[in-house]
file structure-v8.pdb (PDB, C-alpha atoms, pLDDT in the B column)
ATOM      1  CA  MET W 250      85.922  89.046 119.334  1.00 76.00           C
ATOM      2  CA  SER W 251      84.434  90.821 122.326  1.00 88.00           C
ATOM      3  CA  LEU W 252      80.822  91.911 122.554  1.00 94.00           C
ATOM      4  CA  ARG W 253      81.656  94.282 125.368  1.00 93.00           C
ATOM      5  CA  ILE W 254      80.995  97.586 123.633  1.00 92.00           C
ATOM      6  CA  PHE W 255      79.603  99.264 126.760  1.00 94.00           C
ATOM      7  CA  LYS W 256      80.475  98.917 130.432  1.00 94.00           C
ATOM      8  CA  THR W 257      77.523 100.480 132.227  1.00 95.00           C
ATOM      9  CA  PRO W 258      73.791  99.773 131.856  1.00 97.00           C
ATOM     10  CA  ILE W 259      71.959 101.490 128.990  1.00 97.00           C
ATOM     11  CA  ALA W 260      68.307 102.611 129.193  1.00 98.00           C
ATOM     12  CA  VAL W 261      66.182 101.505 126.237  1.00 98.00           C
ATOM     13  CA  SER W 262      62.645 102.572 125.324  1.00 98.00           C
ATOM     14  CA  ILE W 263      60.439  99.798 123.987  1.00 97.00           C
ATOM     15  CA  SER W 264      58.076 100.716 121.139  1.00 97.00           C
ATOM     16  CA  SER W 265      54.370  99.914 121.077  1.00 97.00           C
ATOM     17  CA  GLN W 266      55.035  97.714 118.008  1.00 97.00           C
ATOM     18  CA  GLN W 267      57.638  95.689 119.921  1.00 97.00           C
ATOM     19  CA  ILE W 268      55.238  95.303 122.844  1.00 97.00           C
ATOM     20  CA  ALA W 269      52.424  94.113 120.545  1.00 97.00           C
ATOM     21  CA  GLN W 270      54.708  91.645 118.745  1.00 97.00           C
ATOM     22  CA  ALA W 271      56.019  90.222 122.033  1.00 97.00           C
ATOM     23  CA  LYS W 272      52.444  89.854 123.364  1.00 96.00           C
ATOM     24  CA  ARG W 273      51.361  87.982 120.227  1.00 95.00           C
ATOM     25  CA  PHE W 274      54.367  85.691 120.507  1.00 94.00           C
ATOM     26  CA  ALA W 275      53.700  84.938 124.192  1.00 92.00           C
ATOM     27  CA  GLN W 276      50.039  84.121 123.456  1.00 91.00           C
ATOM     28  CA  GLN W 277      50.979  81.831 120.565  1.00 90.00           C
ATOM     29  CA  VAL W 278      53.817  80.031 122.348  1.00 86.00           C
ATOM     30  CA  ILE W 279      51.895  79.157 125.531  1.00 83.00           C
ATOM     31  CA  PRO W 280      50.139  76.053 124.114  1.00 78.00           C
ATOM     32  CA  THR W 281      53.529  74.629 123.059  1.00 74.00           C
ATOM     33  CA  VAL W 282      55.301  74.684 126.430  1.00 67.00           C
ATOM     34  CA  ASN W 283      55.344  72.353 129.420  1.00 60.00           C
ATOM     35  CA  TYR W 284      57.336  73.318 132.489  1.00 54.00           C
ATOM     36  CA  ARG W 285      55.880  70.812 134.956  1.00 49.00           C
ATOM     37  CA  ASP W 286      59.345  69.324 135.497  1.00 46.00           C
ATOM     38  CA  SER W 287      60.406  72.647 137.013  1.00 46.00           C
ATOM     39  CA  ASN W 288      57.198  72.974 139.059  1.00 50.00           C
ATOM     40  CA  GLN W 289      55.860  75.791 136.885  1.00 54.00           C
ATOM     41  CA  THR W 290      52.239  75.241 135.875  1.00 64.00           C
ATOM     42  CA  ASN W 291      50.866  78.789 136.147  1.00 76.00           C
ATOM     43  CA  ARG W 292      50.104  79.490 132.472  1.00 81.00           C
ATOM     44  CA  ALA W 293      49.645  83.236 133.003  1.00 87.00           C
ATOM     45  CA  LYS W 294      53.104  83.465 134.590  1.00 85.00           C
ATOM     46  CA  ILE W 295      54.670  81.362 131.833  1.00 83.00           C
ATOM     47  CA  GLN W 296      53.048  83.563 129.184  1.00 90.00           C
ATOM     48  CA  ASN W 297      54.216  86.734 130.927  1.00 92.00           C
ATOM     49  CA  ASP W 298      57.748  85.318 131.243  1.00 91.00           C
ATOM     50  CA  HIS W 299      57.867  84.716 127.470  1.00 90.00           C
ATOM     51  CA  PHE W 300      56.501  88.214 126.839  1.00 96.00           C
ATOM     52  CA  VAL W 301      59.047  89.920 129.076  1.00 96.00           C
ATOM     53  CA  SER W 302      61.873  87.776 127.674  1.00 96.00           C
ATOM     54  CA  LYS W 303      61.122  88.944 124.140  1.00 97.00           C
ATOM     55  CA  LEU W 304      61.099  92.564 125.290  1.00 98.00           C
ATOM     56  CA  GLY W 305      64.541  92.008 126.812  1.00 98.00           C
ATOM     57  CA  GLU W 306      65.792  90.528 123.539  1.00 98.00           C
ATOM     58  CA  GLU W 307      64.401  93.520 121.645  1.00 98.00           C
ATOM     59  CA  ALA W 308      66.147  95.926 124.036  1.00 98.00           C
ATOM     60  CA  VAL W 309      69.521  94.191 123.684  1.00 98.00           C
ATOM     61  CA  ALA W 310      69.182  94.012 119.895  1.00 98.00           C
ATOM     62  CA  GLN W 311      68.397  97.738 119.839  1.00 98.00           C
ATOM     63  CA  VAL W 312      71.558  98.599 121.807  1.00 98.00           C
ATOM     64  CA  PHE W 313      73.780  96.663 119.417  1.00 97.00           C
ATOM     65  CA  ARG W 314      71.997  98.003 116.310  1.00 97.00           C
ATOM     66  CA  GLU W 315      72.611 101.537 117.541  1.00 95.00           C
ATOM     67  CA  HIS W 316      76.323 100.664 117.570  1.00 93.00           C
ATOM     68  CA  ASP W 317      76.098  99.442 113.941  1.00 94.00           C
ATOM     69  CA  TRP W 318      76.434  95.739 114.676  1.00 96.00           C
ATOM     70  CA  GLN W 319      74.562  93.227 112.517  1.00 96.00           C
ATOM     71  CA  ILE W 320      71.815  91.507 114.539  1.00 97.00           C
ATOM     72  CA  LYS W 321      69.958  88.273 113.882  1.00 96.00           C
ATOM     73  CA  GLY W 322      66.887  87.949 116.107  1.00 94.00           C
ATOM     74  CA  PRO W 323      64.828  88.022 118.157  1.00 96.00           C
ATOM     75  CA  ASP W 324      63.241  84.881 116.769  1.00 93.00           C
ATOM     76  CA  TYR W 325      59.438  85.033 116.837  1.00 94.00           C
ATOM     77  CA  SER W 326      58.907  81.590 115.308  1.00 89.00           C
ATOM     78  CA  ILE W 327      56.790  79.118 117.258  1.00 86.00           C
ATOM     79  CA  TYR W 328      58.418  75.701 117.639  1.00 79.00           C
ATOM     80  CA  GLU W 329      56.614  72.562 118.733  1.00 72.00           C
ATOM     81  CA  GLY W 330      57.944  70.102 121.321  1.00 63.00           C
ATOM     82  CA  LYS W 331      61.257  68.592 120.272  1.00 62.00           C
ATOM     83  CA  ASN W 332      61.882  71.349 117.719  1.00 62.00           C
ATOM     84  CA  LYS W 333      62.451  73.843 120.536  1.00 61.00           C
ATOM     85  CA  SER W 334      66.102  74.632 121.076  1.00 66.00           C
ATOM     86  CA  TRP W 335      68.503  76.175 123.528  1.00 68.00           C
ATOM     87  CA  GLU W 336      70.059  78.227 120.737  1.00 82.00           C
ATOM     88  CA  GLU W 337      71.216  81.734 121.620  1.00 91.00           C
ATOM     89  CA  ASP W 338      68.542  84.430 121.688  1.00 95.00           C
ATOM     90  CA  LEU W 339      70.435  86.772 119.379  1.00 97.00           C
ATOM     91  CA  TYR W 340      73.411  86.723 117.070  1.00 97.00           C
ATOM     92  CA  VAL W 341      75.555  89.842 117.096  1.00 97.00           C
ATOM     93  CA  ASP W 342      77.887  89.855 114.081  1.00 95.00           C
ATOM     94  CA  ASP W 343      77.425  86.036 114.102  1.00 94.00           C
ATOM     95  CA  ILE W 344      78.388  85.719 117.779  1.00 96.00           C
ATOM     96  CA  GLY W 345      75.737  84.018 119.907  1.00 96.00           C
ATOM     97  CA  LEU W 346      74.311  86.078 122.746  1.00 97.00           C
ATOM     98  CA  ALA W 347      71.902  84.818 125.393  1.00 97.00           C
ATOM     99  CA  VAL W 348      69.534  87.324 127.009  1.00 98.00           C
ATOM    100  CA  LYS W 349      68.106  87.039 130.517  1.00 97.00           C
ATOM    101  CA  THR W 350      65.407  89.466 131.599  1.00 98.00           C
ATOM    102  CA  GLN W 351      63.784  90.181 134.954  1.00 98.00           C
ATOM    103  CA  LYS W 352      60.706  92.318 135.593  1.00 97.00           C
ATOM    104  CA  GLN W 353      61.004  95.286 137.927  1.00 98.00           C
ATOM    105  CA  SER W 354      58.222  93.903 140.165  1.00 96.00           C
ATOM    106  CA  SER W 355      60.180  90.656 140.628  1.00 94.00           C
ATOM    107  CA  ALA W 356      63.391  92.586 141.265  1.00 96.00           C
ATOM    108  CA  THR W 357      61.596  94.606 143.938  1.00 95.00           C
ATOM    109  CA  ARG W 358      60.220  91.454 145.537  1.00 91.00           C
ATOM    110  CA  TYR W 359      63.221  89.091 145.279  1.00 88.00           C
ATOM    111  CA  GLY W 360      66.183  91.332 144.465  1.00 93.00           C
ATOM    112  CA  LEU W 361      67.599  92.057 141.027  1.00 97.00           C
ATOM    113  CA  SER W 362      68.677  88.697 139.647  1.00 97.00           C
ATOM    114  CA  TRP W 363      68.444  86.401 136.643  1.00 97.00           C
ATOM    115  CA  THR W 364      67.578  82.716 136.689  1.00 94.00           C
ATOM    116  CA  PHE W 365      69.019  79.784 134.743  1.00 94.00           C
ATOM    117  CA  GLN W 366      67.609  76.252 134.523  1.00 91.00           C
ATOM    118  CA  SER W 367      69.861  73.832 136.424  1.00 93.00           C
ATOM    119  CA  SER W 368      67.996  70.634 137.229  1.00 88.00           C
ATOM    120  CA  PRO W 369      68.731  67.015 136.349  1.00 86.00           C
ATOM    121  CA  LYS W 370      65.860  67.118 133.812  1.00 83.00           C
ATOM    122  CA  ARG W 371      66.557  70.504 132.226  1.00 83.00           C
ATOM    123  CA  ARG W 372      69.841  72.394 132.345  1.00 90.00           C
ATOM    124  CA  ASP W 373      70.606  75.551 130.435  1.00 91.00           C
ATOM    125  CA  PRO W 374      73.590  74.553 128.223  1.00 92.00           C
ATOM    126  CA  ILE W 375      75.095  78.015 128.572  1.00 95.00           C
ATOM    127  CA  LEU W 376      76.092  77.106 132.128  1.00 96.00           C
ATOM    128  CA  ASP W 377      78.552  74.618 130.615  1.00 95.00           C
ATOM    129  CA  ALA W 378      79.937  77.043 128.015  1.00 96.00           C
ATOM    130  CA  PRO W 379      82.464  79.286 129.795  1.00 97.00           C
ATOM    131  CA  LEU W 380      83.111  81.476 126.736  1.00 97.00           C
ATOM    132  CA  ALA W 381      79.417  82.015 125.907  1.00 97.00           C
ATOM    133  CA  TRP W 382      78.083  85.569 126.094  1.00 98.00           C
ATOM    134  CA  VAL W 383      75.005  86.699 128.035  1.00 98.00           C
ATOM    135  CA  CYS W 384      73.317  90.084 128.476  1.00 98.00           C
ATOM    136  CA  PHE W 385      71.093  90.888 131.444  1.00 98.00           C
ATOM    137  CA  VAL W 386      68.047  93.138 131.278  1.00 98.00           C
ATOM    138  CA  LEU W 387      65.733  94.763 133.818  1.00 98.00           C
ATOM    139  CA  CYS W 388      62.276  95.417 132.317  1.00 98.00           C
ATOM    140  CA  ASP W 389      60.040  97.960 134.056  1.00 98.00           C
ATOM    141  CA  GLU W 390      56.487  96.808 133.345  1.00 96.00           C
ATOM    142  CA  GLN W 391      55.106  99.826 135.230  1.00 95.00           C
ATOM    143  CA  ASN W 392      56.946 102.273 132.947  1.00 96.00           C
ATOM    144  CA  ASN W 393      55.980 101.312 129.360  1.00 96.00           C
ATOM    145  CA  TYR W 394      58.231  98.239 129.608  1.00 97.00           C
ATOM    146  CA  ASN W 395      61.337 100.400 129.358  1.00 97.00           C
ATOM    147  CA  CYS W 396      64.453  98.337 129.869  1.00 98.00           C
ATOM    148  CA  LEU W 397      67.877  98.694 131.395  1.00 98.00           C
ATOM    149  CA  VAL W 398      70.409  96.629 129.432  1.00 98.00           C
ATOM    150  CA  TYR W 399      73.509  95.532 131.320  1.00 98.00           C
ATOM    151  CA  PRO W 400      76.807  94.965 129.498  1.00 97.00           C
ATOM    152  CA  PRO W 401      77.498  91.511 128.081  1.00 97.00           C
ATOM    153  CA  TYR W 402      79.475  89.046 130.173  1.00 97.00           C
ATOM    154  CA  GLN W 403      80.998  85.691 129.450  1.00 97.00           C
ATOM    155  CA  ILE W 404      79.791  82.818 131.629  1.00 98.00           C
ATOM    156  CA  HIS W 405      83.240  82.238 133.183  1.00 97.00           C
ATOM    157  CA  GLU W 406      83.111  85.784 134.621  1.00 97.00           C
ATOM    158  CA  LEU W 407      79.943  85.121 136.611  1.00 98.00           C
ATOM    159  CA  VAL W 408      79.254  83.652 140.049  1.00 96.00           C
ATOM    160  CA  PHE W 409      76.028  81.654 140.212  1.00 97.00           C
ATOM    161  CA  LYS W 410      74.248  80.968 143.472  1.00 96.00           C
ATOM    162  CA  ASP W 411      71.246  79.055 144.709  1.00 94.00           C
ATOM    163  CA  PRO W 412      67.878  80.799 144.500  1.00 91.00           C
ATOM    164  CA  LYS W 413      66.443  82.360 147.648  1.00 86.00           C
ATOM    165  CA  LEU W 414      63.205  80.383 147.273  1.00 85.00           C
ATOM    166  CA  ALA W 415      63.748  76.952 148.831  1.00 89.00           C
ATOM    167  CA  ARG W 416      61.418  75.228 146.333  1.00 87.00           C
ATOM    168  CA  LEU W 417      63.715  76.290 143.451  1.00 87.00           C
ATOM    169  CA  LYS W 418      66.968  75.035 144.969  1.00 90.00           C
ATOM    170  CA  GLY W 419      68.406  72.182 142.919  1.00 90.00           C
ATOM    171  CA  LYS W 420      66.341  73.309 139.917  1.00 90.00           C
ATOM    172  CA  LYS W 421      67.721  76.773 139.201  1.00 92.00           C
ATOM    173  CA  LYS W 422      70.910  78.789 139.480  1.00 96.00           C
ATOM    174  CA  VAL W 423      70.750  82.533 139.962  1.00 96.00           C
ATOM    175  CA  LEU W 424      73.016  85.421 139.173  1.00 97.00           C
ATOM    176  CA  TYR W 425      72.390  88.276 141.590  1.00 96.00           C
ATOM    177  CA  ALA W 426      73.058  91.821 140.342  1.00 96.00           C
ATOM    178  CA  GLU W 427      75.297  92.531 143.308  1.00 95.00           C
ATOM    179  CA  ASP W 428      77.568  89.732 142.050  1.00 96.00           C
ATOM    180  CA  LEU W 429      78.041  91.203 138.561  1.00 96.00           C
ATOM    181  CA  PRO W 430      81.740  91.893 138.031  1.00 94.00           C
ATOM    182  CA  THR W 431      82.753  95.532 137.900  1.00 88.00           C
ATOM    183  CA  LEU W 432      84.010  96.396 134.444  1.00 79.00           C
ATOM    184  CA  SER W 433      86.998  98.679 134.159  1.00 69.00           C
ATOM    185  CA  ASN W 434      88.403 100.471 131.132  1.00 53.00           C
TER
END

call {"tool": "encode", "arguments": {"input": "structure-v8.pdb", "output": "structure tokens"}}
result
Amino acid sequence: MSLRIFKTPIAVSISSQQIAQAKRFAQQVIPTVNYRDSNQTNRAKIQNDHFVSKLGEEAVAQVFREHDWQIKGPDYSIYEGKNKSWEEDLYVDDIGLAVKTQKQSSATRYGLSWTFQSSPKRRDPILDAPLAWVCFVLCDEQNNYNCLVYPPYQIHELVFKDPKLARLKGKKKVLYAEDLPTLSN
């Protein structure tokens, strides 16, 4: 079954309730994470990344709900240490769907792109699952966190590159927006 129900990005408004719930989640999850192995120790950045990620998940879920698909997620549970998982962010009619979100300010600074863990210590399992689905989101934190949801892609359709920042090479893989495949009818 294909999750590709749209072929161009869709603008999504994020509600104040979704923003508040994502903020609470990000505040509660921060004591349970440790990203030192990927050289990320800035707790404010980690918290903001979790916040923005949840907003992206909410935006994607909203798009599929509006098309009458059954959605499971986003998951707002807090998991400790080894109970954390790499499970998909959402389930759309029981099909797993990962969501990757980038803030507009980061897109302006580094180019529109989405990052995946790819180090010897931590590798995003989706990179090894060619048939897995992923949706990409651009979240505009300067405009009420409104989001632009890109169509879903399967991993085998994507071309991953090294990050532009030298310190992240060998630790991350990046999908740049300009490398997204063009979808035809």

call {"tool": "resolve_selection", "arguments": {"input": "structure-v8.pdb", "expression": "the PyMOL selection byres ((chain W and resi 359-368) around 7)", "output": "number ranges by chain"}}
result
W: 349-351, 355-358, 369-373, 419-426

call {"tool": "atom_distance", "arguments": {"input": "structure-v8.pdb", "atom1": "CA of Ala347 in chain W", "atom2": "CA of Ala415 in chain W"}}
result
26.0 Å

call {"tool": "closest_residue", "arguments": {"input": "structure-v8.pdb", "among": "W:Val261, W:Ala275, W:Leu414, W:Leu407", "to": "Ala308 in chain W", "atoms": "all atoms listed in the file"}}
result
W:Val261

call {"tool": "atom_distance", "arguments": {"input": "structure-v8.pdb", "atom1": "CA of Val278 in chain W", "atom2": "CA of Asn291 in chain W"}}
result
14.2 Å

call {"tool": "atom_distance", "arguments": {"input": "structure-v8.pdb", "atom1": "CA of Gln311 in chain W", "atom2": "CA of Glu336 in chain W"}}
result
19.6 Å

call {"tool": "closest_residue", "arguments": {"input": "structure-v8.pdb", "among": "W:Thr257, W:Thr431, W:Ser326, W:Gln403", "to": "Asp377 in chain W", "atoms": "all atoms listed in the file"}}
result
W:Gln403

call {"tool": "residues_around", "arguments": {"input": "structure-v8.pdb", "residues": "range 317-321 of chain W", "least_positions_apart": "2", "cutoff": "8 Å", "atoms": "all atoms listed in the file", "output": "compact mmCIF listing (two decimals) with C-alpha atoms, in the coordinates of the input"}}
result
# COMPACT_ATOMS: atom_id res chain seq x y z
CA ALA W 310 69.18 94.01 119.90
CA PHE W 313 73.78 96.66 119.42
CA ARG W 314 72.00 98.00 116.31
CA GLU W 315 72.61 101.54 117.54
CA PRO W 323 64.83 88.02 118.16
CA LEU W 339 70.44 86.77 119.38
CA TYR W 340 73.41 86.72 117.07
CA VAL W 341 75.56 89.84 117.10
CA ASP W 342 77.89 89.86 114.08
CA ASP W 343 77.42 86.04 114.10

call {"tool": "residues_near_point", "arguments": {"input": "structure-v8.pdb", "point": "(81.2, 98.6, 124.7)", "cutoff": "10 Å", "atoms": "all atoms listed in the file", "output": "list in words"}}
result
Ser251, Leu252, Arg253, Ile254, Phe255, Lys256, Thr257, Phe313, His316, Pro400, Pro401 and Asn434 of chain W

call {"tool": "write_last_selection", "arguments": {"input": "structure-v8.pdb", "atoms": "C-alpha atoms", "output": "short mmCIF file (atom, residue, chain, number, x, y, z; two decimals), in the frame of the given file"}}
result
data_model
loop_
_atom_site.label_atom_id
_atom_site.label_comp_id
_atom_site.auth_asym_id
_atom_site.auth_seq_id
_atom_site.Cartn_x
_atom_site.Cartn_y
_atom_site.Cartn_z
CA SER W 251 84.43 90.82 122.33
CA LEU W 252 80.82 91.91 122.55
CA ARG W 253 81.66 94.28 125.37
CA ILE W 254 81.00 97.59 123.63
CA PHE W 255 79.60 99.26 126.76
CA LYS W 256 80.47 98.92 130.43
CA THR W 257 77.52 100.48 132.23
CA PHE W 313 73.78 96.66 119.42
CA HIS W 316 76.32 100.66 117.57
CA PRO W 400 76.81 94.96 129.50
CA PRO W 401 77.50 91.51 128.08
CA ASN W 434 88.40 100.47 131.13
#

call {"tool": "residues_near_point", "arguments": {"input": "structure-v8.pdb", "point": "(56.4, 94.2, 124.2)", "cutoff": "8 Å", "atoms": "all atoms listed in the file", "output": "list in words"}}
result
Ile263, Ser264, Ser265, Gln266, Gln267, Ile268, Ala269, Gln270, Ala271, Lys272, Phe300, Val301, Lys303, Leu304 and Tyr394 of chain W

call {"tool": "write_last_selection", "arguments": {"input": "structure-v8.pdb", "atoms": "C-alpha atoms", "output": "compact mmCIF listing (two decimals), in the frame of the given file"}}
result
# COMPACT_ATOMS: atom_id res chain seq x y z
CA ILE W 263 60.44 99.80 123.99
CA SER W 264 58.08 100.72 121.14
CA SER W 265 54.37 99.91 121.08
CA GLN W 266 55.04 97.71 118.01
CA GLN W 267 57.64 95.69 119.92
CA ILE W 268 55.24 95.30 122.84
CA ALA W 269 52.42 94.11 120.54
CA GLN W 270 54.71 91.64 118.74
CA ALA W 271 56.02 90.22 122.03
CA LYS W 272 52.44 89.85 123.36
CA PHE W 300 56.50 88.21 126.84
CA VAL W 301 59.05 89.92 129.08
CA LYS W 303 61.12 88.94 124.14
CA LEU W 304 61.10 92.56 125.29
CA TYR W 394 58.23 98.24 129.61
